[in-house]
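Next comes run_1.pdb, with PDB, C-alpha atoms, pLDDT in the B column.
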ATOM      1  CA  PHE A  19      -1.848  -7.569  10.957  1.00 78.00           C
ATOM      2  CA  MET A  20      -2.881  -3.903  10.900  1.00 82.00           C
ATOM      3  CA  GLU A  21      -0.206  -3.131  13.484  1.00 86.00           C
ATOM      4  CA  HIS A  22       2.404  -4.451  11.024  1.00 87.00           C
ATOM      5  CA  VAL A  23       0.883  -2.410   8.205  1.00 87.00           C
ATOM      6  CA  ARG A  24       1.029   0.737  10.349  1.00 87.00           C
ATOM      7  CA  GLU A  25       4.642  -0.048  11.238  1.00 90.00           C
ATOM      8  CA  PHE A  26       5.364  -0.310   7.496  1.00 92.00           C
ATOM      9  CA  ALA A  27       3.561   2.972   6.792  1.00 91.00           C
ATOM     10  CA  ASP A  28       5.605   4.773   9.452  1.00 91.00           C
ATOM     11  CA  GLU A  29       8.723   4.163   7.340  1.00 92.00           C
ATOM     12  CA  LEU A  30       7.263   5.820   4.219  1.00 95.00           C
ATOM     13  CA  ASP A  31       7.452   9.410   3.054  1.00 95.00           C
ATOM     14  CA  ASP A  32       4.283  11.512   3.210  1.00 95.00           C
ATOM     15  CA  ARG A  33       3.134  10.873  -0.371  1.00 95.00           C
ATOM     16  CA  GLU A  34       3.675   7.111  -0.095  1.00 96.00           C
ATOM     17  CA  ARG A  35       1.858   7.028   3.257  1.00 95.00           C
ATOM     18  CA  GLN A  36      -1.101   8.862   1.734  1.00 96.00           C
ATOM     19  CA  ILE A  37      -1.255   6.367  -1.132  1.00 96.00           C
ATOM     20  CA  VAL A  38      -1.248   3.459   1.329  1.00 94.00           C
ATOM     21  CA  ASP A  39      -3.882   5.101   3.519  1.00 93.00           C
ATOM     22  CA  ARG A  40      -6.123   6.394   0.743  1.00 95.00           C
ATOM     23  CA  ARG A  41      -5.821   3.586  -1.842  1.00 92.00           C
ATOM     24  CA  ILE A  42      -4.846   0.353  -0.074  1.00 87.00           C
ATOM     25  CA  LEU A  43      -6.350   0.684   3.406  1.00 88.00           C
ATOM     26  CA  ALA A  44      -9.355   2.930   2.764  1.00 92.00           C
ATOM     27  CA  ASP A  45     -12.891   1.563   2.884  1.00 94.00           C
ATOM     28  CA  GLU A  46     -13.689   3.834  -0.080  1.00 96.00           C
ATOM     29  CA  PRO A  47     -10.370   4.356  -1.903  1.00 95.00           C
ATOM     30  CA  SER A  48      -9.540   7.623  -3.621  1.00 96.00           C
ATOM     31  CA  THR A  49      -9.219   7.342  -7.386  1.00 97.00           C
ATOM     32  CA  LEU A  50      -5.875   7.409  -9.144  1.00 97.00           C
ATOM     33  CA  GLN A  51      -7.061  10.605 -10.840  1.00 97.00           C
ATOM     34  CA  GLU A  52      -7.873  12.301  -7.516  1.00 97.00           C
ATOM     35  CA  LEU A  53      -4.483  11.487  -6.039  1.00 97.00           C
ATOM     36  CA  GLY A  54      -2.689  12.436  -9.245  1.00 97.00           C
ATOM     37  CA  GLU A  55      -4.327  15.861  -9.275  1.00 97.00           C
ATOM     38  CA  GLU A  56      -3.534  16.379  -5.606  1.00 96.00           C
ATOM     39  CA  PHE A  57       0.137  15.392  -6.017  1.00 97.00           C
ATOM     40  CA  GLY A  58       0.557  17.091  -9.392  1.00 97.00           C
ATOM     41  CA  ILE A  59       1.398  13.825 -11.194  1.00 97.00           C
ATOM     42  CA  SER A  60      -0.400  11.602 -13.682  1.00 97.00           C
ATOM     43  CA  ARG A  61      -2.781   8.880 -12.575  1.00 96.00           C
ATOM     44  CA  GLU A  62      -0.422   6.407 -14.290  1.00 97.00           C
ATOM     45  CA  ARG A  63       2.397   7.560 -12.029  1.00 97.00           C
ATOM     46  CA  VAL A  64       0.158   7.085  -8.977  1.00 97.00           C
ATOM     47  CA  ARG A  65      -0.629   3.562 -10.241  1.00 97.00           C
ATOM     48  CA  GLN A  66       3.099   2.846 -10.591  1.00 97.00           C
ATOM     49  CA  LEU A  67       3.805   4.136  -7.087  1.00 97.00           C
ATOM     50  CA  GLU A  68       0.931   2.074  -5.690  1.00 96.00           C
ATOM     51  CA  ALA A  69       2.218  -1.088  -7.406  1.00 96.00           C
ATOM     52  CA  ARG A  70       5.694  -0.499  -5.978  1.00 96.00           C
ATOM     53  CA  LEU A  71       4.231   0.079  -2.506  1.00 95.00           C
ATOM     54  CA  VAL A  72       2.188  -3.132  -2.677  1.00 94.00           C
ATOM     55  CA  GLU A  73       5.365  -5.081  -3.488  1.00 94.00           C
ATOM     56  CA  LYS A  74       7.257  -3.360  -0.658  1.00 94.00           C
ATOM     57  CA  LEU A  75       4.380  -4.081   1.724  1.00 92.00           C
ATOM     58  CA  ARG A  76       4.249  -7.726   0.647  1.00 90.00           C
ATOM     59  CA  SER A  77       7.989  -8.072   1.272  1.00 91.00           C
ATOM     60  CA  PHE A  78       7.730  -6.302   4.637  1.00 91.00           C
ATOM     61  CA  LEU A  79       4.854  -8.503   5.766  1.00 86.00           C
ATOM     62  CA  LYS A  80       6.606 -11.640   4.563  1.00 84.00           C
ATOM     63  CA  ASP A  81       9.425 -10.829   6.991  1.00 81.00           C
ATOM     64  CA  ALA A  82       7.203  -9.543   9.820  1.00 77.00           C
ATOM     65  CA  VAL A  83       4.325 -12.034   9.847  1.00 74.00           C
ATOM     66  CA  VAL A  84       5.187 -15.637  10.626  1.00 64.00           C
ATOM     67  CA  ASP A  85       2.491 -17.297   8.494  1.00 63.00           C
ATOM     68  CA  PHE A  86       2.261 -14.640   5.787  1.00 54.00           C
ATOM     69  CA  GLU A  87       2.231 -17.110   2.899  1.00 59.00           C
ATOM     70  CA  TYR A  88      -0.711 -18.935   4.487  1.00 60.00           C
ATOM     71  CA  TYR A  89      -2.731 -15.735   4.832  1.00 57.00           C
ATOM     72  CA  ALA A  90      -1.665 -14.239   1.479  1.00 60.00           C
ATOM     73  CA  SER A  91      -2.529 -17.245  -0.645  1.00 61.00           C
ATOM     74  CA  PRO A  92      -5.999 -17.317  -2.227  1.00 62.00           C
ATOM     75  CA  GLU A  93      -8.501 -19.721  -0.781  1.00 58.00           C
ATOM     76  CA  ASP A  94      -9.420 -22.751  -2.859  1.00 50.00           C
TER      77      ASP A  94
END
As C-alpha coordinates, what does this structure read like?
Amino acid sequence: FMEHVREFADELDDRERQIVDRRILADEPSTLQELGEEFGISRERVRQLEARLVEKLRSFLKDAVVDFEYYASPED
(Lines of atoms letter the chains of each structure in order from A and count residues from 1; the text may use other names and numbers.)
(Lines give C-alpha, C1' and ligand atoms only; values in the text may rest on other atoms or scores of the structure.)
Protein backbone atom coordinates (compact mmCIF):
# COMPACT_ATOMS: atom_id res chain seq x y z
CA PHE A 1 0.00 0.00 0.00
CA MET A 2 2.72 2.48 0.99
CA GLU A 3 4.60 1.67 -2.21
CA HIS A 4 1.53 2.83 -4.18
CA VAL A 5 1.28 5.98 -2.07
CA ARG A 6 4.95 6.76 -2.72
CA GLU A 7 4.41 6.16 -6.43
CA PHE A 8 1.53 8.66 -6.28
CA ALA A 9 3.66 11.19 -4.39
CA ASP A 10 6.42 10.95 -7.00
CA GLU A 11 4.01 12.46 -9.54
CA LEU A 12 3.27 15.55 -7.42
CA ASP A 13 4.97 18.93 -7.36
CA ASP A 14 7.08 19.82 -4.33
CA ARG A 15 4.36 21.65 -2.39
CA GLU A 16 1.81 18.87 -2.95
CA ARG A 17 4.36 16.23 -1.95
CA GLN A 18 5.10 18.11 1.27
CA ILE A 19 1.39 18.29 2.09
CA VAL A 20 1.03 14.53 1.54
CA ASP A 21 4.14 13.78 3.59
CA ARG A 22 3.51 16.26 6.40
CA ARG A 23 -0.30 16.09 6.71
CA ILE A 24 -1.52 12.73 5.38
CA LEU A 25 1.36 10.34 6.05
CA ALA A 26 3.00 11.91 9.11
CA ASP A 27 2.71 10.30 12.53
CA GLU A 28 2.40 13.82 13.97
CA PRO A 29 0.96 15.97 11.15
CA SER A 30 1.94 19.59 10.71
CA THR A 31 -0.91 22.03 11.26
CA LEU A 32 -2.63 23.81 8.41
CA GLN A 33 -1.35 27.06 9.93
CA GLU A 34 2.27 25.85 9.95
CA LEU A 35 2.15 24.79 6.32
CA GLY A 36 0.31 27.94 5.30
CA GLU A 37 2.98 30.14 6.88
CA GLU A 38 5.74 28.11 5.26
CA PHE A 39 4.15 28.26 1.79
CA GLY A 40 2.95 31.85 2.14
CA ILE A 41 -0.74 30.91 1.75
CA SER A 42 -3.72 30.76 4.09
CA ARG A 43 -4.48 27.70 6.17
CA GLU A 44 -7.80 27.49 4.28
CA ARG A 45 -5.89 27.19 1.01
CA VAL A 46 -3.75 24.41 2.50
CA ARG A 47 -6.98 22.66 3.58
CA GLN A 48 -8.34 22.97 0.04
CA LEU A 49 -5.13 21.59 -1.46
CA GLU A 50 -5.15 18.72 1.03
CA ALA A 51 -8.77 17.85 0.19
CA ARG A 52 -7.95 17.83 -3.52
CA LEU A 53 -4.91 15.63 -2.90
CA VAL A 54 -6.95 13.15 -0.85
CA GLU A 55 -9.41 12.82 -3.74
CA LYS A 56 -6.56 12.39 -6.24
CA LEU A 57 -4.95 9.79 -3.98
CA ARG A 58 -8.24 7.93 -3.58
CA SER A 59 -8.67 7.84 -7.36
CA PHE A 60 -5.06 6.74 -7.89
CA LEU A 61 -5.36 3.95 -5.33
CA LYS A 62 -8.69 2.83 -6.74
CA ASP A 63 -6.91 2.18 -10.05
CA ALA A 64 -3.69 0.80 -8.54
CA VAL A 65 -4.94 -1.44 -5.73
CA VAL A 66 -7.09 -4.40 -6.72
CA ASP A 67 -9.28 -4.53 -3.59
CA PHE A 68 -9.23 -0.82 -2.77
CA GLU A 69 -12.96 -0.59 -2.07
CA TYR A 70 -12.66 -3.44 0.45
CA TYR A 71 -9.83 -1.72 2.31
CA ALA A 72 -11.27 1.81 2.03
CA SER A 73 -14.71 1.00 3.38
CA PRO A 74 -15.27 1.50 7.12
CA GLU A 75 -15.55 -1.59 9.24
CA ASP A 76 -18.96 -2.46 10.63
* Give me, please, the distance in Å between atom CA of Asp45 of chain A and atom CA of Gly58 of chain A, quoted to one decimal. =>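 So the answer is 23.9 Å.
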* Asked: Can you list, as a list in words, every protein, DNA or RNA residue that comes within 9 Å of Val64 of chain A when you count only C-alpha atoms, leaving out same-chain residues fewer than 3 positions away?
  -> Ile37, Leu50, Gln51, Leu53, Gly54, Phe57, Ile59, Ser60, Arg61, Leu67, Glu68 and Ala69 of chain A
* Structure fact -> A straight line from atom CA of Arg63 of chain A to atom CA of Ala82 of chain A spans 28.2 Å
* A:Met20, A:Leu30, A:Val83, A:Val72: which is nearest Ile42 of chain A, counting only C-alpha atoms? ->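 Of the candidates, the smallest distance to Ile42 of chain A is held by A:Val72.
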* Asked: Hey, what comes out of the PyMOL selection byres ((chain A and resi 43) around 12) on this file? Could you write it as number ranges by chain?
  -> A: 20, 23-24, 27, 35-42, 44-48, 68, 72, 75
* One decimal, Å: what's the distance from atom CA of Leu79 of chain A over to atom CA of His22 of chain A, could you say? => 7.1 Å
For segment 70-81 of chain A, supply all heavy atoms and format the output as a PDB file, in the coordinates of the input.
ATOM      1  N   ARG A  70       4.421  -0.350  -6.687  1.00 96.00           N
ATOM      2  CA  ARG A  70       5.694  -0.499  -5.978  1.00 96.00           C
ATOM      3  C   ARG A  70       5.468  -0.630  -4.466  1.00 96.00           C
ATOM      4  O   ARG A  70       6.096  -1.460  -3.799  1.00 96.00           O
ATOM      5  CB  ARG A  70       6.590   0.700  -6.275  1.00 96.00           C
ATOM      6  CG  ARG A  70       8.024   0.480  -5.777  1.00 96.00           C
ATOM      7  CD  ARG A  70       8.890   1.687  -5.973  1.00 96.00           C
ATOM      8  NE  ARG A  70       8.609   2.567  -4.836  1.00 96.00           N
ATOM      9  CZ  ARG A  70       8.648   3.884  -4.879  1.00 96.00           C
ATOM     10  NH1 ARG A  70       8.939   4.507  -5.972  1.00 96.00           N
ATOM     11  NH2 ARG A  70       8.390   4.602  -3.806  1.00 96.00           N
ATOM     12  N   LEU A  71       4.534   0.150  -3.936  1.00 95.00           N
ATOM     13  CA  LEU A  71       4.231   0.079  -2.506  1.00 95.00           C
ATOM     14  C   LEU A  71       3.635  -1.270  -2.119  1.00 95.00           C
ATOM     15  O   LEU A  71       3.942  -1.810  -1.054  1.00 95.00           O
ATOM     16  CB  LEU A  71       3.285   1.205  -2.105  1.00 95.00           C
ATOM     17  CG  LEU A  71       3.929   2.577  -2.014  1.00 95.00           C
ATOM     18  CD1 LEU A  71       2.861   3.652  -1.937  1.00 95.00           C
ATOM     19  CD2 LEU A  71       4.846   2.649  -0.810  1.00 95.00           C
ATOM     20  N   VAL A  72       2.786  -1.818  -2.960  1.00 94.00           N
ATOM     21  CA  VAL A  72       2.188  -3.132  -2.677  1.00 94.00           C
ATOM     22  C   VAL A  72       3.292  -4.190  -2.605  1.00 94.00           C
ATOM     23  O   VAL A  72       3.286  -5.039  -1.705  1.00 94.00           O
ATOM     24  CB  VAL A  72       1.117  -3.496  -3.728  1.00 94.00           C
ATOM     25  CG1 VAL A  72       0.725  -4.957  -3.627  1.00 94.00           C
ATOM     26  CG2 VAL A  72      -0.100  -2.596  -3.576  1.00 94.00           C
ATOM     27  N   GLU A  73       4.251  -4.129  -3.519  1.00 94.00           N
ATOM     28  CA  GLU A  73       5.365  -5.081  -3.488  1.00 94.00           C
ATOM     29  C   GLU A  73       6.219  -4.893  -2.232  1.00 94.00           C
ATOM     30  O   GLU A  73       6.633  -5.872  -1.602  1.00 94.00           O
ATOM     31  CB  GLU A  73       6.224  -4.958  -4.746  1.00 94.00           C
ATOM     32  CG  GLU A  73       5.573  -5.550  -5.964  1.00 94.00           C
ATOM     33  CD  GLU A  73       5.202  -7.015  -5.778  1.00 94.00           C
ATOM     34  OE1 GLU A  73       6.036  -7.810  -5.298  1.00 94.00           O
ATOM     35  OE2 GLU A  73       4.048  -7.367  -6.112  1.00 94.00           O
ATOM     36  N   LYS A  74       6.494  -3.630  -1.867  1.00 94.00           N
ATOM     37  CA  LYS A  74       7.257  -3.360  -0.658  1.00 94.00           C
ATOM     38  C   LYS A  74       6.503  -3.848   0.575  1.00 94.00           C
ATOM     39  O   LYS A  74       7.103  -4.420   1.488  1.00 94.00           O
ATOM     40  CB  LYS A  74       7.548  -1.857  -0.536  1.00 94.00           C
ATOM     41  CG  LYS A  74       8.631  -1.363  -1.464  1.00 94.00           C
ATOM     42  CD  LYS A  74       8.779   0.141  -1.448  1.00 94.00           C
ATOM     43  CE  LYS A  74       9.242   0.702  -0.143  1.00 94.00           C
ATOM     44  NZ  LYS A  74       9.526   2.174  -0.219  1.00 94.00           N
ATOM     45  N   LEU A  75       5.196  -3.633   0.598  1.00 92.00           N
ATOM     46  CA  LEU A  75       4.380  -4.081   1.724  1.00 92.00           C
ATOM     47  C   LEU A  75       4.379  -5.602   1.808  1.00 92.00           C
ATOM     48  O   LEU A  75       4.530  -6.171   2.881  1.00 92.00           O
ATOM     49  CB  LEU A  75       2.950  -3.549   1.597  1.00 92.00           C
ATOM     50  CG  LEU A  75       1.959  -4.001   2.668  1.00 92.00           C
ATOM     51  CD1 LEU A  75       2.424  -3.618   4.067  1.00 92.00           C
ATOM     52  CD2 LEU A  75       0.577  -3.420   2.373  1.00 92.00           C
ATOM     53  N   ARG A  76       4.225  -6.257   0.676  1.00 90.00           N
ATOM     54  CA  ARG A  76       4.249  -7.726   0.647  1.00 90.00           C
ATOM     55  C   ARG A  76       5.571  -8.248   1.209  1.00 90.00           C
ATOM     56  O   ARG A  76       5.594  -9.159   2.039  1.00 90.00           O
ATOM     57  CB  ARG A  76       4.041  -8.229  -0.774  1.00 90.00           C
ATOM     58  CG  ARG A  76       4.064  -9.738  -0.898  1.00 90.00           C
ATOM     59  CD  ARG A  76       3.809 -10.181  -2.316  1.00 90.00           C
ATOM     60  NE  ARG A  76       2.435 -10.023  -2.715  1.00 90.00           N
ATOM     61  CZ  ARG A  76       1.466 -10.893  -2.449  1.00 90.00           C
ATOM     62  NH1 ARG A  76       1.738 -11.985  -1.765  1.00 90.00           N
ATOM     63  NH2 ARG A  76       0.243 -10.683  -2.859  1.00 90.00           N
ATOM     64  N   SER A  77       6.670  -7.665   0.794  1.00 91.00           N
ATOM     65  CA  SER A  77       7.989  -8.072   1.272  1.00 91.00           C
ATOM     66  C   SER A  77       8.123  -7.817   2.775  1.00 91.00           C
ATOM     67  O   SER A  77       8.620  -8.660   3.520  1.00 91.00           O
ATOM     68  CB  SER A  77       9.073  -7.322   0.510  1.00 91.00           C
ATOM     69  OG  SER A  77      10.340  -7.646   0.989  1.00 91.00           O
ATOM     70  N   PHE A  78       7.674  -6.639   3.216  1.00 91.00           N
ATOM     71  CA  PHE A  78       7.730  -6.302   4.637  1.00 91.00           C
ATOM     72  C   PHE A  78       6.926  -7.293   5.463  1.00 91.00           C
ATOM     73  O   PHE A  78       7.396  -7.793   6.486  1.00 91.00           O
ATOM     74  CB  PHE A  78       7.193  -4.876   4.848  1.00 91.00           C
ATOM     75  CG  PHE A  78       7.155  -4.461   6.293  1.00 91.00           C
ATOM     76  CD1 PHE A  78       8.279  -3.937   6.896  1.00 91.00           C
ATOM     77  CD2 PHE A  78       5.990  -4.599   7.039  1.00 91.00           C
ATOM     78  CE1 PHE A  78       8.237  -3.550   8.232  1.00 91.00           C
ATOM     79  CE2 PHE A  78       5.944  -4.222   8.367  1.00 91.00           C
ATOM     80  CZ  PHE A  78       7.083  -3.692   8.974  1.00 91.00           C
ATOM     81  N   LEU A  79       5.709  -7.590   5.015  1.00 86.00           N
ATOM     82  CA  LEU A  79       4.854  -8.503   5.766  1.00 86.00           C
ATOM     83  C   LEU A  79       5.395  -9.930   5.744  1.00 86.00           C
ATOM     84  O   LEU A  79       5.242 -10.661   6.719  1.00 86.00           O
ATOM     85  CB  LEU A  79       3.426  -8.474   5.226  1.00 86.00           C
ATOM     86  CG  LEU A  79       2.662  -7.186   5.496  1.00 86.00           C
ATOM     87  CD1 LEU A  79       1.310  -7.225   4.806  1.00 86.00           C
ATOM     88  CD2 LEU A  79       2.505  -6.932   6.990  1.00 86.00           C
ATOM     89  N   LYS A  80       6.020 -10.302   4.652  1.00 84.00           N
ATOM     90  CA  LYS A  80       6.606 -11.640   4.563  1.00 84.00           C
ATOM     91  C   LYS A  80       7.643 -11.822   5.664  1.00 84.00           C
ATOM     92  O   LYS A  80       7.753 -12.892   6.251  1.00 84.00           O
ATOM     93  CB  LYS A  80       7.237 -11.822   3.188  1.00 84.00           C
ATOM     94  CG  LYS A  80       7.481 -13.223   2.796  1.00 84.00           C
ATOM     95  CD  LYS A  80       7.955 -13.257   1.355  1.00 84.00           C
ATOM     96  CE  LYS A  80       7.644 -14.587   0.744  1.00 84.00           C
ATOM     97  NZ  LYS A  80       8.030 -14.644  -0.665  1.00 84.00           N
ATOM     98  N   ASP A  81       8.413 -10.770   5.941  1.00 81.00           N
ATOM     99  CA  ASP A  81       9.425 -10.829   6.991  1.00 81.00           C
ATOM    100  C   ASP A  81       8.828 -10.664   8.386  1.00 81.00           C
ATOM    101  O   ASP A  81       9.318 -11.240   9.346  1.00 81.00           O
ATOM    102  CB  ASP A  81      10.476  -9.741   6.772  1.00 81.00           C
ATOM    103  CG  ASP A  81      11.314  -9.977   5.530  1.00 81.00           C
ATOM    104  OD1 ASP A  81      11.382 -11.128   5.059  1.00 81.00           O
ATOM    105  OD2 ASP A  81      11.892  -9.003   5.031  1.00 81.00           O
TER     106      ASP A  81
END
